[in-house]
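Next up, entry16.pdb (PDB, C-alpha atoms, pLDDT in the B column):
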```
ATOM      1  CA  MET A 182      -2.130   9.291   8.165  1.00 53.00           C
ATOM      2  CA  GLU A 183      -3.444  10.010   4.667  1.00 60.00           C
ATOM      3  CA  MET A 184      -4.504  13.559   3.986  1.00 53.00           C
ATOM      4  CA  GLY A 185      -7.952  14.419   2.737  1.00 43.00           C
ATOM      5  CA  LYS A 186      -8.823  11.594   0.339  1.00 48.00           C
ATOM      6  CA  SER A 187     -11.480   8.930   0.674  1.00 41.00           C
ATOM      7  CA  GLY A 188      -9.850   6.324  -1.531  1.00 42.00           C
ATOM      8  CA  SER A 189     -13.242   5.428  -2.965  1.00 41.00           C
ATOM      9  CA  LEU A 190     -13.696   1.822  -3.955  1.00 40.00           C
ATOM     10  CA  ARG A 191     -13.706   0.972  -7.617  1.00 46.00           C
ATOM     11  CA  GLY A 192     -15.595  -2.247  -7.066  1.00 48.00           C
ATOM     12  CA  GLY A 193     -14.563  -5.198  -4.907  1.00 59.00           C
ATOM     13  CA  LYS A 194     -11.926  -5.139  -2.200  1.00 84.00           C
ATOM     14  CA  ARG A 195      -9.490  -2.287  -1.830  1.00 95.00           C
ATOM     15  CA  LYS A 196      -6.199  -2.368  -3.693  1.00 98.00           C
ATOM     16  CA  ILE A 197      -3.798   0.236  -2.372  1.00 98.00           C
ATOM     17  CA  GLY A 198      -0.770   1.518  -4.263  1.00 99.00           C
ATOM     18  CA  LEU A 199       2.173   2.847  -2.249  1.00 99.00           C
ATOM     19  CA  PHE A 200       4.334   5.298  -4.191  1.00 99.00           C
ATOM     20  CA  GLY A 201       7.342   6.599  -2.284  1.00 96.00           C
ATOM     21  CA  GLY A 202       9.909   9.225  -3.140  1.00 94.00           C
ATOM     22  CA  THR A 203      11.686  12.390  -2.116  1.00 94.00           C
ATOM     23  CA  PHE A 204       9.582  14.385  -4.613  1.00 96.00           C
ATOM     24  CA  ASP A 205      12.194  17.138  -4.705  1.00 96.00           C
ATOM     25  CA  PRO A 206      10.166  18.490  -6.436  1.00 97.00           C
ATOM     26  CA  ILE A 207       7.223  16.380  -7.553  1.00 98.00           C
ATOM     27  CA  HIS A 208       6.727  16.705 -11.318  1.00 98.00           C
ATOM     28  CA  LEU A 209       4.413  15.622 -14.109  1.00 98.00           C
ATOM     29  CA  GLY A 210       6.363  12.407 -14.658  1.00 98.00           C
ATOM     30  CA  HIS A 211       5.563  11.281 -11.107  1.00 98.00           C
ATOM     31  CA  LEU A 212       1.913  12.153 -11.533  1.00 99.00           C
ATOM     32  CA  ARG A 213       1.545  10.486 -14.908  1.00 98.00           C
ATOM     33  CA  CYS A 214       3.188   7.322 -13.572  1.00 98.00           C
ATOM     34  CA  ALA A 215       0.774   7.193 -10.635  1.00 99.00           C
ATOM     35  CA  GLN A 216      -2.209   7.827 -12.899  1.00 99.00           C
ATOM     36  CA  GLU A 217      -1.283   5.095 -15.382  1.00 99.00           C
ATOM     37  CA  VAL A 218      -0.638   2.541 -12.632  1.00 99.00           C
ATOM     38  CA  TRP A 219      -3.884   3.460 -10.858  1.00 99.00           C
ATOM     39  CA  GLU A 220      -5.804   2.884 -14.062  1.00 99.00           C
ATOM     40  CA  ALA A 221      -4.006  -0.241 -15.287  1.00 98.00           C
ATOM     41  CA  PHE A 222      -4.249  -2.081 -11.963  1.00 98.00           C
ATOM     42  CA  ASP A 223      -7.698  -0.812 -10.985  1.00 98.00           C
ATOM     43  CA  LEU A 224      -6.354   0.527  -7.700  1.00 98.00           C
ATOM     44  CA  SER A 225      -8.658   1.998  -5.098  1.00 98.00           C
ATOM     45  CA  GLN A 226      -6.061   4.569  -4.121  1.00 98.00           C
ATOM     46  CA  VAL A 227      -2.459   5.618  -4.693  1.00 99.00           C
ATOM     47  CA  ILE A 228      -0.761   6.878  -1.547  1.00 99.00           C
ATOM     48  CA  PHE A 229       2.222   9.161  -2.079  1.00 99.00           C
ATOM     49  CA  ILE A 230       4.732   8.515   0.704  1.00 98.00           C
ATOM     50  CA  LEU A 231       7.134  11.375   1.273  1.00 95.00           C
ATOM     51  CA  ALA A 232      10.606  10.154   2.248  1.00 92.00           C
ATOM     52  CA  ALA A 233      11.570  12.367   5.167  1.00 87.00           C
ATOM     53  CA  ASN A 234      15.154  11.141   5.561  1.00 85.00           C
ATOM     54  CA  PRO A 235      16.026   8.902   2.602  1.00 82.00           C
ATOM     55  CA  PRO A 236      19.079   6.714   3.284  1.00 82.00           C
ATOM     56  CA  HIS A 237      20.232   6.839  -0.350  1.00 75.00           C
ATOM     57  CA  LYS A 238      20.414  10.659  -0.495  1.00 67.00           C
ATOM     58  CA  VAL A 239      23.710  11.185   1.297  1.00 60.00           C
ATOM     59  CA  ASP A 240      25.556  13.397  -1.184  1.00 56.00           C
ATOM     60  CA  ARG A 241      23.135  16.278  -1.639  1.00 62.00           C
ATOM     61  CA  PRO A 242      21.012  18.268   0.793  1.00 57.00           C
ATOM     62  CA  ILE A 243      17.321  18.359  -0.046  1.00 76.00           C
ATOM     63  CA  ILE A 244      14.849  21.104   0.746  1.00 91.00           C
ATOM     64  CA  SER A 245      12.758  20.950   3.873  1.00 93.00           C
ATOM     65  CA  THR A 246      10.237  18.202   4.410  1.00 93.00           C
ATOM     66  CA  LYS A 247       7.588  20.883   4.892  1.00 96.00           C
ATOM     67  CA  ASP A 248       8.170  22.364   1.434  1.00 97.00           C
ATOM     68  CA  ARG A 249       8.174  18.982  -0.274  1.00 96.00           C
ATOM     69  CA  TRP A 250       4.994  18.033   1.603  1.00 97.00           C
ATOM     70  CA  GLU A 251       3.240  21.211   0.500  1.00 98.00           C
ATOM     71  CA  MET A 252       4.220  20.680  -3.132  1.00 99.00           C
ATOM     72  CA  VAL A 253       2.914  17.101  -3.227  1.00 99.00           C
ATOM     73  CA  LYS A 254      -0.292  18.209  -1.523  1.00 99.00           C
ATOM     74  CA  LEU A 255      -0.791  20.897  -4.162  1.00 99.00           C
ATOM     75  CA  ALA A 256       0.044  18.517  -7.008  1.00 99.00           C
ATOM     76  CA  ILE A 257      -2.511  15.849  -6.079  1.00 99.00           C
ATOM     77  CA  ALA A 258      -5.278  18.072  -4.726  1.00 99.00           C
ATOM     78  CA  ASP A 259      -7.544  17.601  -7.749  1.00 98.00           C
ATOM     79  CA  ASN A 260      -7.386  13.784  -7.798  1.00 98.00           C
ATOM     80  CA  PRO A 261      -9.776  12.007  -5.386  1.00 98.00           C
ATOM     81  CA  PHE A 262      -7.859   8.736  -5.760  1.00 98.00           C
ATOM     82  CA  PHE A 263      -4.484  10.165  -4.704  1.00 99.00           C
ATOM     83  CA  ALA A 264      -3.520  10.682  -1.064  1.00 98.00           C
ATOM     84  CA  LEU A 265      -0.440  11.871   0.829  1.00 98.00           C
ATOM     85  CA  SER A 266       1.011  10.000   3.805  1.00 97.00           C
ATOM     86  CA  ASP A 267       3.120  11.395   6.634  1.00 96.00           C
ATOM     87  CA  VAL A 268       4.121   7.962   7.967  1.00 96.00           C
ATOM     88  CA  GLU A 269       7.825   8.540   7.280  1.00 95.00           C
ATOM     89  CA  ILE A 270       7.707  12.114   8.538  1.00 94.00           C
ATOM     90  CA  ARG A 271       6.379  10.975  11.908  1.00 93.00           C
ATOM     91  CA  ARG A 272       9.031   8.269  12.239  1.00 90.00           C
ATOM     92  CA  GLU A 273      12.464   9.229  13.541  1.00 82.00           C
ATOM     93  CA  GLY A 274      15.637   8.210  11.751  1.00 85.00           C
ATOM     94  CA  LYS A 275      16.173   7.086   8.180  1.00 88.00           C
ATOM     95  CA  SER A 276      13.172   6.421   5.927  1.00 90.00           C
ATOM     96  CA  TYR A 277      13.521   2.702   5.218  1.00 94.00           C
ATOM     97  CA  SER A 278      10.951   1.126   2.912  1.00 96.00           C
ATOM     98  CA  ILE A 279      10.728  -2.037   5.000  1.00 97.00           C
ATOM     99  CA  GLU A 280       9.456  -0.049   7.976  1.00 97.00           C
ATOM    100  CA  THR A 281       6.890   1.785   5.865  1.00 97.00           C
ATOM    101  CA  ILE A 282       5.583  -1.314   4.098  1.00 98.00           C
ATOM    102  CA  SER A 283       5.459  -3.187   7.412  1.00 98.00           C
ATOM    103  CA  TYR A 284       3.385  -0.365   8.886  1.00 97.00           C
ATOM    104  CA  TYR A 285       0.807  -0.589   6.115  1.00 97.00           C
ATOM    105  CA  HIS A 286       0.836  -4.381   6.186  1.00 97.00           C
ATOM    106  CA  ARG A 287      -0.071  -4.289   9.882  1.00 97.00           C
ATOM    107  CA  ASN A 288      -2.857  -1.778   9.357  1.00 95.00           C
ATOM    108  CA  ILE A 289      -4.705  -2.946   6.256  1.00 92.00           C
ATOM    109  CA  ALA A 290      -8.052  -4.661   6.593  1.00 91.00           C
ATOM    110  CA  GLU A 291      -8.531  -8.321   5.804  1.00 90.00           C
ATOM    111  CA  GLY A 292      -8.678  -8.884   2.070  1.00 90.00           C
ATOM    112  CA  GLU A 293      -7.004  -5.600   1.141  1.00 96.00           C
ATOM    113  CA  ARG A 294      -3.917  -5.752  -1.083  1.00 97.00           C
ATOM    114  CA  LEU A 295      -0.834  -3.579  -1.058  1.00 98.00           C
ATOM    115  CA  PHE A 296       1.056  -2.726  -4.242  1.00 99.00           C
ATOM    116  CA  PHE A 297       4.518  -1.206  -3.885  1.00 99.00           C
ATOM    117  CA  ILE A 298       5.155   1.047  -6.902  1.00 99.00           C
ATOM    118  CA  LEU A 299       8.774   1.711  -7.835  1.00 97.00           C
ATOM    119  CA  GLY A 300      10.890   2.385 -10.879  1.00 95.00           C
ATOM    120  CA  ALA A 301      13.041  -0.192 -12.631  1.00 94.00           C
ATOM    121  CA  ASP A 302      16.116   1.823 -11.618  1.00 93.00           C
ATOM    122  CA  SER A 303      15.270   1.425  -7.929  1.00 93.00           C
ATOM    123  CA  PHE A 304      14.334  -2.224  -8.343  1.00 95.00           C
ATOM    124  CA  CYS A 305      17.710  -2.984  -9.902  1.00 93.00           C
ATOM    125  CA  GLU A 306      19.315  -1.742  -6.665  1.00 94.00           C
ATOM    126  CA  ILE A 307      16.889  -3.360  -4.237  1.00 95.00           C
ATOM    127  CA  GLU A 308      19.480  -5.805  -2.928  1.00 95.00           C
ATOM    128  CA  THR A 309      21.187  -2.823  -1.263  1.00 95.00           C
ATOM    129  CA  TRP A 310      18.041  -2.013   0.729  1.00 96.00           C
ATOM    130  CA  ARG A 311      17.527  -2.926   4.355  1.00 96.00           C
ATOM    131  CA  ASP A 312      15.686  -6.261   4.801  1.00 97.00           C
ATOM    132  CA  TYR A 313      14.683  -6.252   1.137  1.00 97.00           C
ATOM    133  CA  ARG A 314      13.785  -9.956   1.151  1.00 97.00           C
ATOM    134  CA  GLN A 315      11.036  -9.301   3.664  1.00 98.00           C
ATOM    135  CA  LEU A 316       9.423  -6.773   1.319  1.00 98.00           C
ATOM    136  CA  PHE A 317       8.511  -9.529  -1.129  1.00 98.00           C
ATOM    137  CA  ARG A 318       6.594 -11.298   1.644  1.00 98.00           C
ATOM    138  CA  LEU A 319       4.520  -8.255   2.590  1.00 98.00           C
ATOM    139  CA  CYS A 320       3.113  -6.886  -0.661  1.00 98.00           C
ATOM    140  CA  ASP A 321       2.865  -7.122  -4.415  1.00 98.00           C
ATOM    141  CA  PHE A 322       5.289  -5.102  -6.543  1.00 98.00           C
ATOM    142  CA  ILE A 323       4.637  -2.934  -9.587  1.00 98.00           C
ATOM    143  CA  VAL A 324       7.958  -2.182 -11.276  1.00 97.00           C
ATOM    144  CA  VAL A 325       7.494   0.592 -13.822  1.00 97.00           C
ATOM    145  CA  SER A 326       9.734   1.109 -16.826  1.00 94.00           C
ATOM    146  CA  ARG A 327      12.689   3.491 -16.736  1.00 90.00           C
ATOM    147  CA  PRO A 328      15.007   4.343 -19.648  1.00 85.00           C
ATOM    148  CA  ASN A 329      18.226   2.296 -19.690  1.00 83.00           C
ATOM    149  CA  PHE A 330      17.151  -0.024 -16.863  1.00 86.00           C
ATOM    150  CA  ASP A 331      16.027  -3.602 -17.439  1.00 90.00           C
ATOM    151  CA  PRO A 332      14.407  -5.180 -14.358  1.00 89.00           C
ATOM    152  CA  LEU A 333      14.838  -8.610 -15.941  1.00 86.00           C
ATOM    153  CA  GLN A 334      18.577  -8.211 -15.384  1.00 86.00           C
ATOM    154  CA  ALA A 335      18.073  -7.905 -11.631  1.00 86.00           C
ATOM    155  CA  LYS A 336      19.634 -10.931  -9.953  1.00 89.00           C
ATOM    156  CA  VAL A 337      16.976 -10.800  -7.252  1.00 93.00           C
ATOM    157  CA  LEU A 338      14.376 -12.380  -9.539  1.00 94.00           C
ATOM    158  CA  GLU A 339      16.390 -15.589  -9.587  1.00 92.00           C
ATOM    159  CA  SER A 340      17.884 -15.450  -6.101  1.00 94.00           C
ATOM    160  CA  GLU A 341      14.478 -14.950  -4.462  1.00 95.00           C
ATOM    161  CA  GLY A 342      12.812 -17.746  -6.417  1.00 96.00           C
ATOM    162  CA  PHE A 343      10.426 -15.747  -8.597  1.00 97.00           C
ATOM    163  CA  GLN A 344       8.612 -17.793 -11.239  1.00 96.00           C
ATOM    164  CA  LYS A 345       7.531 -16.242 -14.546  1.00 94.00           C
ATOM    165  CA  ASP A 346       3.860 -16.310 -15.479  1.00 93.00           C
ATOM    166  CA  ILE A 347       3.793 -17.560 -19.065  1.00 88.00           C
ATOM    167  CA  HIS A 348       0.681 -15.534 -19.877  1.00 84.00           C
ATOM    168  CA  GLU A 349       1.486 -12.139 -18.361  1.00 87.00           C
ATOM    169  CA  GLU A 350       4.390  -9.841 -17.531  1.00 90.00           C
ATOM    170  CA  ARG A 351       4.399 -10.860 -13.910  1.00 96.00           C
ATOM    171  CA  TYR A 352       6.385 -13.078 -11.569  1.00 97.00           C
ATOM    172  CA  LEU A 353       5.213 -15.160  -8.622  1.00 97.00           C
ATOM    173  CA  HIS A 354       7.180 -15.073  -5.365  1.00 98.00           C
ATOM    174  CA  PRO A 355       7.222 -18.197  -3.151  1.00 98.00           C
ATOM    175  CA  SER A 356       5.183 -16.221  -0.590  1.00 97.00           C
ATOM    176  CA  GLY A 357       2.335 -15.921  -3.093  1.00 97.00           C
ATOM    177  CA  HIS A 358       2.857 -12.234  -3.793  1.00 98.00           C
ATOM    178  CA  LEU A 359       3.229 -11.029  -7.358  1.00 97.00           C
ATOM    179  CA  LEU A 360       5.715  -8.762  -9.091  1.00 98.00           C
ATOM    180  CA  TYR A 361       4.403  -6.982 -12.172  1.00 98.00           C
ATOM    181  CA  LEU A 362       6.488  -5.338 -14.882  1.00 96.00           C
ATOM    182  CA  HIS A 363       4.543  -2.386 -16.232  1.00 96.00           C
ATOM    183  CA  ARG A 364       5.489  -0.121 -19.104  1.00 96.00           C
ATOM    184  CA  ILE A 365       4.461   3.499 -18.658  1.00 97.00           C
ATOM    185  CA  THR A 366       4.577   6.447 -21.020  1.00 95.00           C
ATOM    186  CA  PRO A 367       8.205   7.614 -21.113  1.00 93.00           C
ATOM    187  CA  ILE A 368       8.399  11.219 -19.933  1.00 93.00           C
ATOM    188  CA  GLY A 369      11.854  12.738 -19.903  1.00 92.00           C
ATOM    189  CA  ILE A 370      11.522  14.852 -16.773  1.00 95.00           C
ATOM    190  CA  SER A 371      13.714  14.610 -13.692  1.00 94.00           C
ATOM    191  CA  SER A 372      13.737  16.486 -10.409  1.00 95.00           C
ATOM    192  CA  THR A 373      17.467  17.085 -10.877  1.00 94.00           C
ATOM    193  CA  GLU A 374      16.863  18.889 -14.177  1.00 96.00           C
ATOM    194  CA  ILE A 375      14.054  20.942 -12.659  1.00 97.00           C
ATOM    195  CA  ARG A 376      16.258  22.096  -9.789  1.00 96.00           C
ATOM    196  CA  ARG A 377      18.999  23.012 -12.257  1.00 96.00           C
ATOM    197  CA  ALA A 378      16.570  24.951 -14.443  1.00 98.00           C
ATOM    198  CA  VAL A 379      15.347  26.994 -11.481  1.00 97.00           C
ATOM    199  CA  ARG A 380      18.910  27.673 -10.376  1.00 96.00           C
ATOM    200  CA  GLU A 381      19.778  28.888 -13.882  1.00 97.00           C
ATOM    201  CA  GLY A 382      16.700  31.091 -14.119  1.00 97.00           C
ATOM    202  CA  LYS A 383      14.991  28.953 -16.770  1.00 98.00           C
ATOM    203  CA  SER A 384      11.282  28.191 -16.999  1.00 98.00           C
ATOM    204  CA  ILE A 385       9.870  24.990 -15.488  1.00 98.00           C
ATOM    205  CA  LYS A 386       6.444  25.530 -17.005  1.00 98.00           C
ATOM    206  CA  TYR A 387       4.891  22.234 -18.213  1.00 98.00           C
ATOM    207  CA  LEU A 388       7.415  20.242 -16.149  1.00 99.00           C
ATOM    208  CA  VAL A 389       5.524  20.591 -12.878  1.00 99.00           C
ATOM    209  CA  PRO A 390       1.902  21.446 -12.078  1.00 99.00           C
ATOM    210  CA  LYS A 391       1.172  25.162 -12.176  1.00 99.00           C
ATOM    211  CA  GLU A 392       0.537  25.204  -8.414  1.00 99.00           C
ATOM    212  CA  VAL A 393       3.942  23.646  -7.757  1.00 99.00           C
ATOM    213  CA  GLU A 394       5.660  26.095 -10.108  1.00 99.00           C
ATOM    214  CA  GLU A 395       4.053  28.992  -8.252  1.00 99.00           C
ATOM    215  CA  TYR A 396       5.000  27.537  -4.858  1.00 99.00           C
ATOM    216  CA  ILE A 397       8.642  27.156  -5.896  1.00 98.00           C
ATOM    217  CA  ARG A 398       8.738  30.745  -7.115  1.00 98.00           C
ATOM    218  CA  ARG A 399       6.906  32.117  -4.092  1.00 98.00           C
ATOM    219  CA  GLN A 400       9.145  30.318  -1.590  1.00 97.00           C
ATOM    220  CA  GLY A 401      12.341  30.962  -3.515  1.00 97.00           C
ATOM    221  CA  LEU A 402      13.269  27.270  -3.621  1.00 97.00           C
ATOM    222  CA  TYR A 403      16.247  25.767  -5.488  1.00 96.00           C
ATOM    223  CA  GLN A 404      17.950  29.116  -6.009  1.00 92.00           C
ATOM    224  CA  CYS A 405      21.380  27.857  -5.006  1.00 83.00           C
TER     225      CYS A 405
END
```

Represent the structure contained in this file as C-alpha coordinates.
Amino acid sequence: MEMGKSGSLRGGKRKIGLFGGTFDPIHLGHLRCAQEVWEAFDLSQVIFILAANPPHKVDRPIISTKDRWEMVKLAIADNPFFALSDVEIRREGKSYSIETISYYHRNIAEGERLFFILGADSFCEIETWRDYRQLFRLCDFIVVSRPNFDPLQAKVLESEGFQKDIHEERYLHPSGHLLYLHRITPIGISSTEIRRAVREGKSIKYLVPKEVEEYIRRQGLYQC
(Lines of atoms letter the chains of each structure in order from A and count residues from 1; the text may use other names and numbers.)
(Lines give C-alpha, C1' and ligand atoms only; values in the text may rest on other atoms or scores of the structure.)
Protein backbone atom coordinates (compact mmCIF):
# COMPACT_ATOMS: atom_id res chain seq x y z
CA MET A 1 0.00 0.00 0.00
CA GLU A 2 1.34 3.44 -0.92
CA MET A 3 0.29 6.29 1.30
CA GLY A 4 -1.42 9.36 -0.05
CA LYS A 5 0.26 9.98 -3.40
CA SER A 6 -1.20 9.74 -6.88
CA GLY A 7 2.02 9.06 -8.73
CA SER A 8 0.87 11.32 -11.55
CA LEU A 9 2.05 10.36 -14.99
CA ARG A 10 4.76 12.43 -16.59
CA GLY A 11 3.80 11.36 -20.07
CA GLY A 12 3.69 7.82 -21.46
CA LYS A 13 3.62 4.65 -19.41
CA ARG A 14 4.41 4.62 -15.73
CA LYS A 15 7.98 4.16 -14.57
CA ILE A 16 8.14 3.37 -10.87
CA GLY A 17 11.24 3.77 -8.73
CA LEU A 18 11.59 1.57 -5.64
CA PHE A 19 13.86 3.05 -2.98
CA GLY A 20 14.33 0.87 0.08
CA GLY A 21 16.10 1.50 3.36
CA THR A 22 15.91 1.52 7.12
CA PHE A 23 15.73 5.35 7.09
CA ASP A 24 16.98 5.49 10.67
CA PRO A 25 16.47 8.42 10.34
CA ILE A 26 15.68 9.60 6.82
CA HIS A 27 17.86 12.60 5.93
CA LEU A 28 18.43 15.14 3.18
CA GLY A 29 20.88 12.84 1.39
CA HIS A 30 18.13 10.25 0.91
CA LEU A 31 15.71 12.87 -0.34
CA ARG A 32 18.16 14.50 -2.72
CA CYS A 33 19.08 11.10 -4.17
CA ALA A 34 15.42 10.27 -4.79
CA GLN A 35 14.78 13.68 -6.34
CA GLU A 36 17.75 13.48 -8.72
CA VAL A 37 16.87 9.95 -9.84
CA TRP A 38 13.20 10.88 -10.31
CA GLU A 39 14.22 13.76 -12.53
CA ALA A 40 17.00 12.06 -14.49
CA PHE A 41 14.96 8.96 -15.33
CA ASP A 42 11.62 10.72 -15.81
CA LEU A 43 9.98 8.48 -13.22
CA SER A 44 6.27 8.64 -12.56
CA GLN A 45 6.81 7.97 -8.87
CA VAL A 46 9.46 7.05 -6.31
CA ILE A 47 8.18 4.68 -3.64
CA PHE A 48 10.09 4.70 -0.36
CA ILE A 49 10.04 1.17 1.06
CA LEU A 50 10.67 1.02 4.78
CA ALA A 51 12.66 -2.06 5.78
CA ALA A 52 10.82 -3.40 8.80
CA ASN A 53 13.29 -6.15 9.71
CA PRO A 54 16.44 -5.74 7.60
CA PRO A 55 18.56 -8.91 7.51
CA HIS A 56 21.83 -6.95 7.33
CA LYS A 57 21.20 -4.97 10.54
CA VAL A 58 22.12 -7.62 13.09
CA ASP A 59 24.60 -5.73 15.25
CA ARG A 60 22.60 -2.68 16.29
CA PRO A 61 19.02 -2.22 17.43
CA ILE A 62 17.03 0.30 15.42
CA ILE A 63 14.16 2.46 16.62
CA SER A 64 10.60 1.31 16.18
CA THR A 65 9.11 0.82 12.76
CA LYS A 66 6.35 3.24 13.74
CA ASP A 67 8.80 6.07 14.42
CA ARG A 68 10.74 5.49 11.22
CA TRP A 69 7.47 5.35 9.26
CA GLU A 70 6.31 8.65 10.73
CA MET A 71 9.60 10.35 9.91
CA VAL A 72 9.57 9.24 6.27
CA LYS A 73 5.94 10.29 5.96
CA LEU A 74 6.81 13.75 7.28
CA ALA A 75 9.88 14.03 5.06
CA ILE A 76 8.08 13.33 1.78
CA ALA A 77 4.74 14.98 2.53
CA ASP A 78 5.37 17.97 0.25
CA ASN A 79 6.36 15.94 -2.83
CA PRO A 80 3.45 14.60 -4.93
CA PHE A 81 5.77 12.18 -6.75
CA PHE A 82 7.05 10.46 -3.59
CA ALA A 83 5.09 7.74 -1.79
CA LEU A 84 5.64 5.48 1.22
CA SER A 85 5.01 1.73 1.13
CA ASP A 86 4.20 -0.56 4.04
CA VAL A 87 4.74 -3.77 2.04
CA GLU A 88 7.64 -4.90 4.25
CA ILE A 89 5.89 -3.85 7.44
CA ARG A 90 2.91 -6.06 6.64
CA ARG A 91 5.12 -9.05 5.83
CA GLU A 92 6.37 -11.21 8.69
CA GLY A 93 10.02 -12.15 9.04
CA LYS A 94 13.10 -10.57 7.52
CA SER A 95 12.73 -7.83 4.90
CA TYR A 96 14.30 -9.45 1.83
CA SER A 97 14.47 -7.37 -1.34
CA ILE A 98 13.59 -10.32 -3.56
CA GLU A 99 10.21 -10.67 -1.85
CA THR A 100 9.49 -6.96 -2.15
CA ILE A 101 10.50 -6.68 -5.80
CA SER A 102 8.55 -9.85 -6.61
CA TYR A 103 5.47 -8.33 -4.98
CA TYR A 104 5.65 -5.23 -7.15
CA HIS A 105 6.48 -7.26 -10.25
CA ARG A 106 3.28 -9.27 -9.74
CA ASN A 107 1.16 -6.17 -9.22
CA ILE A 108 2.29 -3.71 -11.88
CA ALA A 109 0.13 -3.11 -14.92
CA GLU A 110 1.17 -4.22 -18.37
CA GLY A 111 3.76 -1.88 -19.82
CA GLU A 112 4.82 -0.41 -16.48
CA ARG A 113 8.51 -0.55 -15.56
CA LEU A 114 10.13 -1.03 -12.19
CA PHE A 115 13.44 0.62 -11.29
CA PHE A 116 15.24 -0.62 -8.19
CA ILE A 117 17.25 2.28 -6.73
CA LEU A 118 20.24 1.40 -4.56
CA GLY A 119 23.64 2.74 -3.66
CA ALA A 120 26.91 1.50 -5.11
CA ASP A 121 27.88 0.27 -1.64
CA SER A 122 24.85 -2.03 -1.51
CA PHE A 123 25.30 -3.15 -5.10
CA CYS A 124 28.88 -4.22 -4.38
CA GLU A 125 27.47 -6.61 -1.75
CA ILE A 126 24.49 -7.86 -3.74
CA GLU A 127 25.93 -11.35 -4.12
CA THR A 128 25.29 -11.83 -0.38
CA TRP A 129 21.56 -11.15 -0.84
CA ARG A 130 18.92 -13.84 -0.98
CA ASP A 131 18.09 -14.92 -4.56
CA TYR A 132 19.92 -11.90 -5.95
CA ARG A 133 20.12 -13.36 -9.46
CA GLN A 134 16.35 -13.33 -9.72
CA LEU A 135 16.28 -9.58 -9.02
CA PHE A 136 17.96 -8.87 -12.35
CA ARG A 137 15.13 -10.70 -14.12
CA LEU A 138 12.36 -8.70 -12.44
CA CYS A 139 13.32 -5.04 -12.81
CA ASP A 140 15.79 -2.47 -14.04
CA PHE A 141 18.48 -1.22 -11.65
CA ILE A 142 19.64 2.32 -10.93
CA VAL A 143 22.92 2.16 -9.02
CA VAL A 144 23.73 5.57 -7.58
CA SER A 145 27.23 6.74 -6.74
CA ARG A 146 28.67 6.39 -3.25
CA PRO A 147 32.08 7.63 -2.06
CA ASN A 148 34.79 4.94 -2.12
CA PHE A 149 32.62 2.36 -3.90
CA ASP A 150 33.05 1.48 -7.57
CA PRO A 151 30.16 -0.61 -8.95
CA LEU A 152 32.32 -1.52 -11.95
CA GLN A 153 34.42 -3.62 -9.57
CA ALA A 154 31.42 -5.77 -8.67
CA LYS A 155 32.02 -9.29 -9.97
CA VAL A 156 28.30 -9.70 -10.56
CA LEU A 157 28.44 -7.62 -13.75
CA GLU A 158 30.58 -10.28 -15.38
CA SER A 159 29.17 -13.36 -13.66
CA GLU A 160 25.59 -12.47 -14.59
CA GLY A 161 26.41 -11.72 -18.22
CA PHE A 162 25.82 -7.97 -18.31
CA GLN A 163 26.85 -6.29 -21.57
CA LYS A 164 28.03 -2.67 -21.64
CA ASP A 165 26.16 -0.18 -23.79
CA ILE A 166 28.86 1.66 -25.72
CA HIS A 167 26.82 4.86 -25.83
CA GLU A 168 25.57 5.17 -22.26
CA GLU A 169 26.49 4.30 -18.68
CA ARG A 170 24.23 1.29 -18.64
CA TYR A 171 24.48 -2.48 -18.89
CA LEU A 172 22.11 -4.97 -20.49
CA HIS A 173 21.20 -8.16 -18.63
CA PRO A 174 20.41 -11.31 -20.65
CA SER A 175 16.80 -10.99 -19.44
CA GLY A 176 16.49 -7.66 -21.25
CA HIS A 177 16.50 -5.54 -18.11
CA LEU A 178 18.95 -2.67 -17.79
CA LEU A 179 21.34 -1.59 -15.07
CA TYR A 180 22.16 2.11 -15.01
CA LEU A 181 25.10 3.74 -13.25
CA HIS A 182 24.03 7.19 -12.13
CA ARG A 183 26.15 9.84 -10.47
CA ILE A 184 24.32 11.94 -7.90
CA THR A 185 25.37 15.02 -5.98
CA PRO A 186 27.67 13.83 -3.19
CA ILE A 187 26.18 14.79 0.17
CA GLY A 188 28.20 13.78 3.20
CA ILE A 189 25.34 12.90 5.53
CA SER A 190 24.78 9.54 7.19
CA SER A 191 22.12 8.26 9.54
CA THR A 192 24.88 6.97 11.83
CA GLU A 193 26.33 10.47 12.21
CA ILE A 194 22.89 11.94 12.84
CA ARG A 195 22.17 9.44 15.61
CA ARG A 196 25.55 10.20 17.17
CA ALA A 197 24.95 13.94 17.00
CA VAL A 198 21.61 13.61 18.78
CA ARG A 199 23.15 11.37 21.43
CA GLU A 200 25.89 13.95 22.02
CA GLY A 201 23.44 16.84 22.22
CA LYS A 202 24.57 18.42 18.94
CA SER A 203 22.34 20.09 16.36
CA ILE A 204 21.04 18.13 13.36
CA LYS A 205 19.61 21.20 11.70
CA TYR A 206 20.11 21.12 7.89
CA LEU A 207 20.87 17.38 8.03
CA VAL A 208 17.24 16.30 8.15
CA PRO A 209 14.00 18.06 7.20
CA LYS A 210 12.73 20.42 9.87
CA GLU A 211 9.69 18.20 10.49
CA VAL A 212 11.93 15.19 11.10
CA GLU A 213 14.19 17.19 13.43
CA GLU A 214 11.15 18.24 15.45
CA TYR A 215 9.79 14.68 15.55
CA ILE A 216 13.10 13.32 16.84
CA ARG A 217 13.20 15.97 19.56
CA ARG A 218 9.55 15.55 20.49
CA GLN A 219 9.77 11.76 20.75
CA GLY A 220 13.16 11.76 22.45
CA LEU A 221 14.70 9.45 19.85
CA TYR A 222 18.38 8.41 19.68
CA GLN A 223 19.16 9.63 23.18
CA CYS A 224 21.11 6.53 24.14

Report task. Just say which residues the PyMOL selection byres ((chain A and resi 380) around 9) picks in this file, as an MDAnalysis selection string. Result -> chainID A and resid 375:379 381:383 402:405

Requested in this report: Find, counting only C-alpha atoms, the residue in A:Ser283, A:Thr203, A:Asn329, A:Ser356 that gets nearest to Asp302 (chain A).
Outcome: A:Asn329

Report task. Spell out the residues picked by the PyMOL selection byres ((chain A and resi 253) around 12) here, as a ChimeraX atom specification. Result -> /A:184,200-209,211-212,228-232,246-252,254-260,263-267,389-390,392-394,396-397

Requested in this report: Identify all residues satisfying the PyMOL selection byres ((chain A and resi 370) around 8) in the given file; provide them as number ranges by chain.
Outcome: A: 208-210, 368-369, 371-372, 374-375, 388

Query - Computed interatomic separation between CA of His358 (chain A) and CA of Glu293 (chain A) (Å) - result: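 It comes out at 12.9 Å.
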
Query raised in the report: Using all atoms listed in the file, which of A:Val218, A:Ile197, A:Leu338, A:Ile270 sits nearest Ile365 (chain A)?
Result: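 Closest candidate: A:Val218.
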